[in-house]
>>> print(open('structure.cif').read())   # mmCIF, C-alpha atoms and all ligand atoms
data_final
#
loop_
_atom_site.label_atom_id
_atom_site.label_comp_id
_atom_site.auth_asym_id
_atom_site.auth_seq_id
_atom_site.Cartn_x
_atom_site.Cartn_y
_atom_site.Cartn_z
CA MET O 21 46.33 -24.11 -29.29
CA ASP O 22 43.54 -21.58 -29.74
CA ARG O 23 40.62 -22.60 -31.89
CA GLU O 24 39.64 -20.42 -34.82
CA VAL O 25 35.90 -19.63 -34.82
CA GLY O 26 33.97 -17.44 -37.23
CA THR O 27 34.92 -15.64 -40.40
CA ARG O 28 36.53 -12.34 -41.31
CA GLY O 29 34.66 -9.20 -42.37
CA SER O 30 36.16 -6.14 -44.05
CA ALA O 31 36.56 -3.88 -40.97
CA LEU O 32 38.12 -6.73 -39.04
CA GLY O 33 41.32 -5.86 -40.87
CA ASP O 34 41.48 -2.64 -38.83
CA VAL O 35 40.93 -4.55 -35.60
CA GLU O 36 43.74 -6.91 -36.54
CA ARG O 37 46.15 -4.06 -37.36
CA ILE O 38 45.39 -1.93 -34.30
CA TYR O 39 45.46 -4.76 -31.77
CA ARG O 40 48.49 -6.47 -33.24
CA ALA O 41 50.49 -3.54 -31.89
CA TRP O 42 48.79 -3.41 -28.47
CA GLY O 43 49.06 -7.17 -28.06
CA ARG O 44 52.80 -7.01 -28.65
CA HIS O 45 53.12 -4.37 -25.90
CA PRO O 46 50.77 -5.54 -23.15
CA HIS O 47 52.52 -3.41 -20.52
CA LEU O 48 51.77 -0.32 -22.58
CA TYR O 49 48.19 -1.48 -22.90
CA ALA O 50 48.02 -1.91 -19.12
CA ALA O 51 49.53 1.54 -18.58
CA GLN O 52 46.90 3.24 -20.76
CA ASP O 53 44.24 1.82 -18.43
CA LEU O 54 45.19 4.52 -15.93
CA LEU O 55 44.30 7.28 -18.37
CA THR O 56 41.33 5.54 -19.99
CA PHE O 57 39.61 4.79 -16.67
CA LEU O 58 40.90 7.99 -15.03
CA GLY O 59 42.61 5.89 -12.37
CA ARG O 60 39.47 3.87 -11.55
CA HIS O 61 40.23 0.75 -13.62
CA ARG O 62 39.99 -1.61 -10.66
CA THR O 63 36.68 -0.18 -9.43
CA ILE O 64 35.06 -0.16 -12.87
CA ARG O 65 36.38 -3.53 -14.05
CA ARG O 66 35.28 -5.10 -10.75
CA ALA O 67 31.83 -3.50 -11.10
CA ALA O 68 31.54 -5.01 -14.59
CA ALA O 69 32.44 -8.46 -13.22
CA ARG O 70 29.97 -8.12 -10.33
CA ALA O 71 27.22 -7.22 -12.82
CA LEU O 72 27.55 -10.79 -14.13
CA HIS O 73 25.58 -11.87 -11.03
CA VAL O 74 27.44 -15.17 -10.82
CA THR O 75 28.53 -17.36 -7.93
CA ARG O 76 31.39 -19.83 -7.45
CA GLY O 77 31.58 -22.48 -10.13
CA ALA O 78 29.87 -20.40 -12.82
CA ARG O 79 30.73 -20.60 -16.52
CA VAL O 80 31.60 -17.17 -17.91
CA LEU O 81 32.45 -16.11 -21.44
CA GLU O 82 34.44 -12.92 -21.92
CA VAL O 83 33.99 -11.55 -25.43
CA ALA O 84 36.84 -9.37 -26.79
CA CYS O 85 38.87 -10.32 -23.72
CA GLY O 86 42.05 -8.68 -25.03
CA THR O 87 45.08 -9.25 -22.84
CA GLY O 88 42.94 -10.56 -19.97
CA ARG O 89 42.69 -7.37 -17.91
CA ASN O 90 39.30 -8.50 -16.55
CA PHE O 91 40.27 -12.07 -15.77
CA PRO O 92 41.28 -11.38 -12.12
CA TYR O 93 37.90 -9.79 -11.41
CA VAL O 94 35.99 -12.63 -13.06
CA GLN O 95 38.08 -15.14 -11.10
CA GLU O 96 37.07 -13.33 -7.88
CA GLN O 97 33.47 -14.13 -8.75
CA ILE O 98 33.71 -17.70 -10.08
CA GLY O 99 36.60 -19.18 -8.08
CA ALA O 100 38.82 -22.07 -9.15
CA ASP O 101 35.77 -24.29 -9.78
CA GLY O 102 34.38 -21.90 -12.35
CA ARG O 103 35.16 -21.85 -16.06
CA LEU O 104 36.27 -18.77 -17.95
CA VAL O 105 36.37 -18.72 -21.74
CA GLY O 106 38.06 -15.70 -23.33
CA LEU O 107 37.40 -14.90 -26.98
CA ASP O 108 39.24 -12.28 -29.02
CA TYR O 109 39.88 -11.61 -32.68
CA SER O 110 43.50 -10.56 -32.22
CA HIS O 111 46.04 -13.36 -31.91
CA GLU O 112 48.51 -10.93 -30.38
CA MET O 113 46.07 -9.84 -27.65
CA LEU O 114 45.31 -13.51 -26.99
CA GLY O 115 49.04 -14.21 -26.80
CA ALA O 116 49.35 -11.69 -23.97
CA ALA O 117 46.26 -13.19 -22.30
CA ARG O 118 47.84 -16.64 -22.55
CA SER O 119 50.98 -15.38 -20.78
CA LEU O 120 48.87 -13.90 -18.00
CA VAL O 121 47.00 -17.19 -17.56
CA ALA O 122 50.31 -19.07 -17.38
CA ASP O 123 51.85 -16.55 -14.92
CA ARG O 124 48.82 -16.74 -12.63
CA ARG O 125 48.61 -20.55 -13.00
CA TRP O 126 44.90 -20.42 -13.75
CA ARG O 127 43.72 -23.89 -14.81
CA ASN O 128 40.13 -22.90 -15.51
CA VAL O 129 40.68 -20.53 -18.44
CA CYS O 130 40.31 -21.39 -22.11
CA LEU O 131 41.13 -18.94 -24.93
CA LEU O 132 39.52 -18.84 -28.36
CA ALA O 133 40.32 -16.77 -31.44
CA GLY O 134 37.43 -15.50 -33.53
CA ASP O 135 34.94 -12.84 -34.47
CA ALA O 136 32.35 -12.16 -31.76
CA ALA O 137 29.69 -11.59 -34.42
CA GLU O 138 30.17 -15.20 -35.55
CA LEU O 139 30.45 -16.65 -32.05
CA ASP O 140 29.62 -20.35 -32.05
CA VAL O 141 30.22 -21.92 -28.67
CA GLY O 142 26.96 -23.69 -27.88
CA SER O 143 23.51 -22.21 -27.25
CA GLY O 144 22.59 -21.56 -23.64
CA HIS O 145 25.92 -22.78 -22.41
CA PHE O 146 27.12 -19.86 -20.28
CA ASP O 147 25.90 -18.47 -16.96
CA ALA O 148 27.16 -15.01 -17.88
CA VAL O 149 28.89 -13.07 -20.65
CA LEU O 150 31.19 -10.10 -20.14
CA CYS O 151 32.43 -7.53 -22.65
CA VAL O 152 34.58 -4.57 -21.58
CA LEU O 153 35.58 -1.93 -24.15
CA GLY O 154 34.85 -4.42 -26.91
CA MET O 155 31.36 -3.57 -28.21
CA SER O 156 32.46 -0.04 -29.11
CA ALA O 157 35.46 -1.30 -31.08
CA MET O 158 34.15 -4.28 -33.01
CA PRO O 159 32.46 -4.37 -36.40
CA ARG O 160 28.90 -5.80 -36.36
CA HIS O 161 28.47 -5.29 -32.64
CA VAL O 162 24.68 -5.83 -32.72
CA ALA O 163 25.21 -9.26 -34.29
CA ALA O 164 27.73 -9.91 -31.50
CA LEU O 165 25.19 -8.88 -28.85
CA ARG O 166 22.69 -11.33 -30.34
CA ARG O 167 25.28 -14.10 -30.26
CA CYS O 168 26.03 -13.22 -26.61
CA ARG O 169 22.32 -13.61 -25.82
CA ASP O 170 22.18 -16.95 -27.63
CA VAL O 171 25.10 -18.48 -25.72
CA LEU O 172 23.62 -17.44 -22.35
CA ARG O 173 21.39 -19.79 -20.39
CA PRO O 174 17.95 -18.39 -19.60
CA GLY O 175 18.27 -16.16 -16.53
CA GLY O 176 21.98 -15.56 -17.23
CA TYR O 177 23.42 -12.04 -17.40
CA LEU O 178 25.32 -10.03 -19.97
CA SER O 179 27.55 -7.27 -18.60
CA VAL O 180 28.80 -4.67 -21.08
CA CYS O 181 31.20 -2.03 -19.83
CA ASP O 182 32.24 0.72 -22.19
CA ALA O 183 33.24 4.34 -22.59
CA GLN O 184 31.35 7.22 -24.10
CA LEU O 185 32.00 10.88 -24.79
CA PHE O 186 31.64 13.40 -21.95
CA SER O 187 28.47 15.41 -21.68
CA GLY O 188 28.04 18.78 -19.92
CA ARG O 189 31.03 20.92 -19.03
CA LEU O 190 33.59 18.20 -19.70
CA SER O 191 32.41 17.86 -23.33
CA LYS O 192 35.11 20.43 -24.16
CA LEU O 193 37.49 17.50 -23.85
CA ASN O 194 35.68 15.39 -26.45
CA PRO O 195 37.70 16.42 -29.54
CA LEU O 196 40.88 15.46 -27.69
CA VAL O 197 39.38 12.19 -26.45
CA ARG O 198 38.25 11.34 -29.99
CA ASP O 199 41.65 12.15 -31.51
CA LEU O 200 43.39 10.03 -28.89
CA TYR O 201 41.19 6.94 -28.89
CA VAL O 202 39.49 6.53 -32.29
CA PRO O 203 42.67 5.87 -34.33
CA THR O 204 44.47 3.94 -31.59
CA THR O 205 41.65 1.63 -30.43
CA GLY O 206 39.04 1.57 -33.21
CA TRP O 207 36.57 3.07 -30.69
CA ASP O 208 33.30 4.24 -32.22
CA PRO O 209 32.01 6.83 -29.73
CA HIS O 210 28.71 7.28 -31.56
CA ARG O 211 27.23 3.88 -30.78
CA ASP O 212 24.41 3.89 -28.26
CA LEU O 213 25.38 0.61 -26.63
CA VAL O 214 22.93 0.87 -23.73
CA ARG O 215 20.08 1.19 -26.22
CA ASP O 216 21.47 -1.70 -28.29
CA VAL O 217 21.71 -3.98 -25.24
CA GLU O 218 18.16 -3.03 -24.30
CA GLN O 219 16.90 -3.79 -27.79
CA VAL O 220 18.53 -7.20 -27.89
CA PHE O 221 17.64 -8.24 -24.32
CA GLY O 222 14.39 -6.34 -23.74
CA SER O 223 15.61 -4.50 -20.62
CA VAL O 224 18.84 -3.10 -19.16
CA GLN O 225 20.23 -1.76 -15.86
CA VAL O 226 22.95 0.87 -16.01
CA GLU O 227 25.59 2.01 -13.53
CA ARG O 228 27.64 5.08 -14.50
CA PHE O 229 31.17 6.12 -13.53
CA ASN O 230 33.64 8.96 -14.18
CA ALA O 231 31.15 11.75 -14.84
CA GLY O 232 29.13 9.48 -17.09
CA SER O 233 32.02 8.69 -19.41
CA PHE O 234 31.96 5.00 -18.37
CA PHE O 235 29.01 2.70 -17.87
CA VAL O 236 28.25 -0.87 -16.94
CA ALA O 237 25.08 -2.06 -18.67
CA SER O 238 23.72 -5.39 -17.48
CA ALA O 239 20.86 -7.36 -18.93
CA GLN O 240 19.30 -10.70 -18.10
CA LYS O 241 18.29 -13.27 -20.69
CA ARG O 242 14.59 -13.95 -20.34
CA GLU O 243 13.57 -17.34 -19.00
CA VAL O 244 11.05 -17.72 -21.80
CA GLU O 245 13.85 -18.47 -24.25
CA SER O 246 14.45 -21.79 -22.45
CA ASP O 247 13.22 -23.88 -25.40
CA ARG O 248 16.41 -22.93 -27.27
CA VAL O 249 18.69 -24.21 -24.53
CA GLN O 250 20.89 -27.24 -24.79
CA GLN O 251 21.53 -28.45 -21.27
CA GLY O 252 24.70 -30.34 -20.54
CA VAL O 253 28.36 -30.21 -19.76
CA MET O 254 31.01 -27.95 -21.27
CA PRO O 255 31.39 -28.95 -24.96
CA GLN O 256 34.40 -31.14 -25.58
CA THR O 257 35.78 -28.59 -28.05
CA LEU O 258 36.14 -26.03 -25.27
CA ASP O 259 37.31 -28.33 -22.50
CA SER O 260 39.96 -29.82 -24.74
CA THR O 261 41.76 -26.47 -24.96
CA ILE O 262 42.24 -26.31 -21.18
CA PRO O 263 45.57 -27.90 -20.37
CA PRO O 264 45.52 -30.72 -17.84
CA ASP O 265 46.84 -29.95 -14.34
CA GLY O 266 50.56 -29.37 -14.28
CA GLN O 267 50.79 -28.32 -17.94
CA GLN O 268 50.48 -24.74 -19.09
C1 LIG Z 301 39.91 -1.96 -26.18
S1 LIG Z 301 40.27 -3.66 -26.32
C2 LIG Z 301 39.49 -4.26 -24.84
C3 LIG Z 301 40.18 -5.49 -24.32
C4 LIG Z 301 39.70 -5.99 -22.95
N1 LIG Z 301 38.31 -6.36 -23.00
C5 LIG Z 301 39.91 -4.96 -21.87
O1 LIG Z 301 38.99 -4.71 -21.09
O2 LIG Z 301 41.04 -4.46 -21.75
C6 LIG Z 301 39.19 -4.20 -27.60
C7 LIG Z 301 39.35 -5.68 -27.93
O3 LIG Z 301 38.30 -6.06 -28.82
C8 LIG Z 301 38.82 -7.05 -29.67
N2 LIG Z 301 37.90 -7.17 -30.82
C9 LIG Z 301 37.57 -6.22 -31.71
N3 LIG Z 301 36.71 -6.70 -32.62
C10 LIG Z 301 36.47 -7.99 -32.27
C11 LIG Z 301 35.63 -9.01 -32.81
N4 LIG Z 301 34.87 -8.79 -33.88
N5 LIG Z 301 35.62 -10.20 -32.21
C12 LIG Z 301 36.38 -10.44 -31.12
N6 LIG Z 301 37.19 -9.52 -30.58
C13 LIG Z 301 37.23 -8.30 -31.14
C14 LIG Z 301 40.20 -6.50 -30.02
O4 LIG Z 301 41.03 -7.48 -30.60
C15 LIG Z 301 40.65 -6.01 -28.65
O5 LIG Z 301 41.33 -7.02 -27.95
#
>>> encode(input="structure.cif", output="structure tokens")
Amino acid sequence: MDREVGTRGSALGDVERIYRAWGRHPHLYAAQDLLTFLGRHRTIRRAAARALHVTRGARVLEVACGTGRNFPYVQEQIGADGRLVGLDYSHEMLGAARSLVADRRWRNVCLLAGDAAELDVGSGHFDAVLCVLGMSAMPRHVAALRRCRDVLRPGGYLSVCDAQLFSGRLSKLNPLVRDLYVPTTGWDPHRDLVRDVEQVFGSVQVERFNAGSFFVASAQKREVESDRVQQGVMPQTLDSTIPPDGQQ
């Protein structure tokens, strides 16, 4: 069973409505990747996972994990000894993620339902936090970024991958891009996510793709925040949602 964390805000109703439909049609969601990433979904998703700067055995949280499209790339980085926690607000998107986890027989993945802005999974617990196409679609994304920072251990990395409007000659396409994605994904193309990550973390490194319409922004949690860290093992509340070997 997924655990419910956090509370609901007003705009979360839109998230629920939009992603109920996508979560019920995960193959359609997977197909739209081709268009969204202009055919470079593997390259860009893998770049986002590499920007986590983790090694085998790491504990990674994916915020707004959706149907689990990034899980294979995170697994490449952390291996079977690592731990991957996926959080999403939409039960339907999580349902699709759960099927993927079962199909791939991953025993190191735990799924949680909740609002990223109310994330409460233990301070300093994770080696890295990933968010792909989530920060541009969620209400209260700056609060979510702060929560991501809080759950990271000092020295751990946040990797945010998202889309933005074209600039230069391709900006002619922007009205079409807006009409296609704003109503169907809840995308807010006017957020300056790179700036927001920089403000919350104090610095940011950016890699750009697809004529600047995609970016991976990575930021490291400063070591100086170490006094807020709780060292220790994975909290029981998380571990308990991972099925024992042989059960899925
Ligand atoms: C465009 S999808 C991206 C899914 C996945 N990260 C990917 O790369 O395919 C946006 C996701 O953000 C989730 N989401 C939106 N607001 C959220 C919130 N406040 N807390 C957690 N998840 C949220 C939606 O339910 C949806 O699954």
>>> closest_atom_pairs(input="structure.cif", of="chain O", to="ligand LIG 301 (chain Z)", cutoff="7 Å", atoms="only C-alpha atoms and all ligand atoms", output="tab-separated table")
residue	atom	partner	partner_atom	distance
O:Leu32	CA	Z:LIG301	N4	6.4
O:Val35	CA	Z:LIG301	C9	5.4
O:Glu36	CA	Z:LIG301	O4	6.6
O:Tyr39	CA	Z:LIG301	O4	5.3
O:Val83	CA	Z:LIG301	C12	6.3
O:Ala84	CA	Z:LIG301	N6	3.8
O:Cys85	CA	Z:LIG301	N1	4.1
O:Gly86	CA	Z:LIG301	O5	3.4
O:Thr87	CA	Z:LIG301	C4	6.3
O:Gly88	CA	Z:LIG301	C4	6.3
O:Arg89	CA	Z:LIG301	O2	5.1
O:Asn90	CA	Z:LIG301	O1	5.9
O:Leu107	CA	Z:LIG301	C12	6.2
O:Asp108	CA	Z:LIG301	N6	3.8
O:Tyr109	CA	Z:LIG301	N6	4.0
O:Ser110	CA	Z:LIG301	O4	4.3
O:Met113	CA	Z:LIG301	O5	5.5
O:Gly134	CA	Z:LIG301	C12	5.7
O:Asp135	CA	Z:LIG301	N5	3.5
O:Ala136	CA	Z:LIG301	N5	3.8
O:Ala137	CA	Z:LIG301	N4	5.9
O:Cys151	CA	Z:LIG301	N1	6.0
O:Val152	CA	Z:LIG301	N1	4.4
O:Leu153	CA	Z:LIG301	C2	4.6
O:Gly154	CA	Z:LIG301	O3	4.3
O:Ala157	CA	Z:LIG301	C9	5.4
O:Met158	CA	Z:LIG301	N3	3.5
O:Pro159	CA	Z:LIG301	N4	5.6
O:Thr205	CA	Z:LIG301	C1	5.8
>>> residues_near_point(input="structure.cif", point="(50.5, -11.7, -21.7)", cutoff="10 Å", atoms="only C-alpha atoms", output="ChimeraX atom specification")
/O:43-47,86-89,112-123
>>> residues_near_point(input="structure.cif", point="(36.1, -20.2, -10.1)", cutoff="9 Å", atoms="all atoms listed in the file", output="MDAnalysis selection string")
chainID O and resid 75:79 94:104 128
>>> residues_around(input="structure.cif", residues="region 187-199 of chain O", least_positions_apart="3", cutoff="10 Å", atoms="all atoms listed in the file", output="VMD selection string")
chain O and resid 56 184 202 to 204 207 to 209 231 to 233
>>> atom_distance(input="structure.cif", atom1="CA of Ser156 (chain O)", atom2="CA of Cys181 (chain O)")
9.6 Å
>>> atom_distance(input="structure.cif", atom1="CA of Val180 (chain O)", atom2="CA of His111 (chain O)")
22.1 Å
>>> closest_residue(input="structure.cif", among="O:Val105, O:Val80, O:Ala71, O:Cys130", to="Ala239 (chain O)", atoms="only C-alpha atoms")
O:Ala71
>>> atom_distance(input="structure.cif", atom1="CA of Cys168 (chain O)", atom2="CA of Tyr93 (chain O)")
19.6 Å
>>> closest_residue(input="structure.cif", among="O:Ala67, O:Val129, O:Val220, O:Val214", to="Ala183 (chain O)", atoms="only C-alpha atoms")
O:Val214
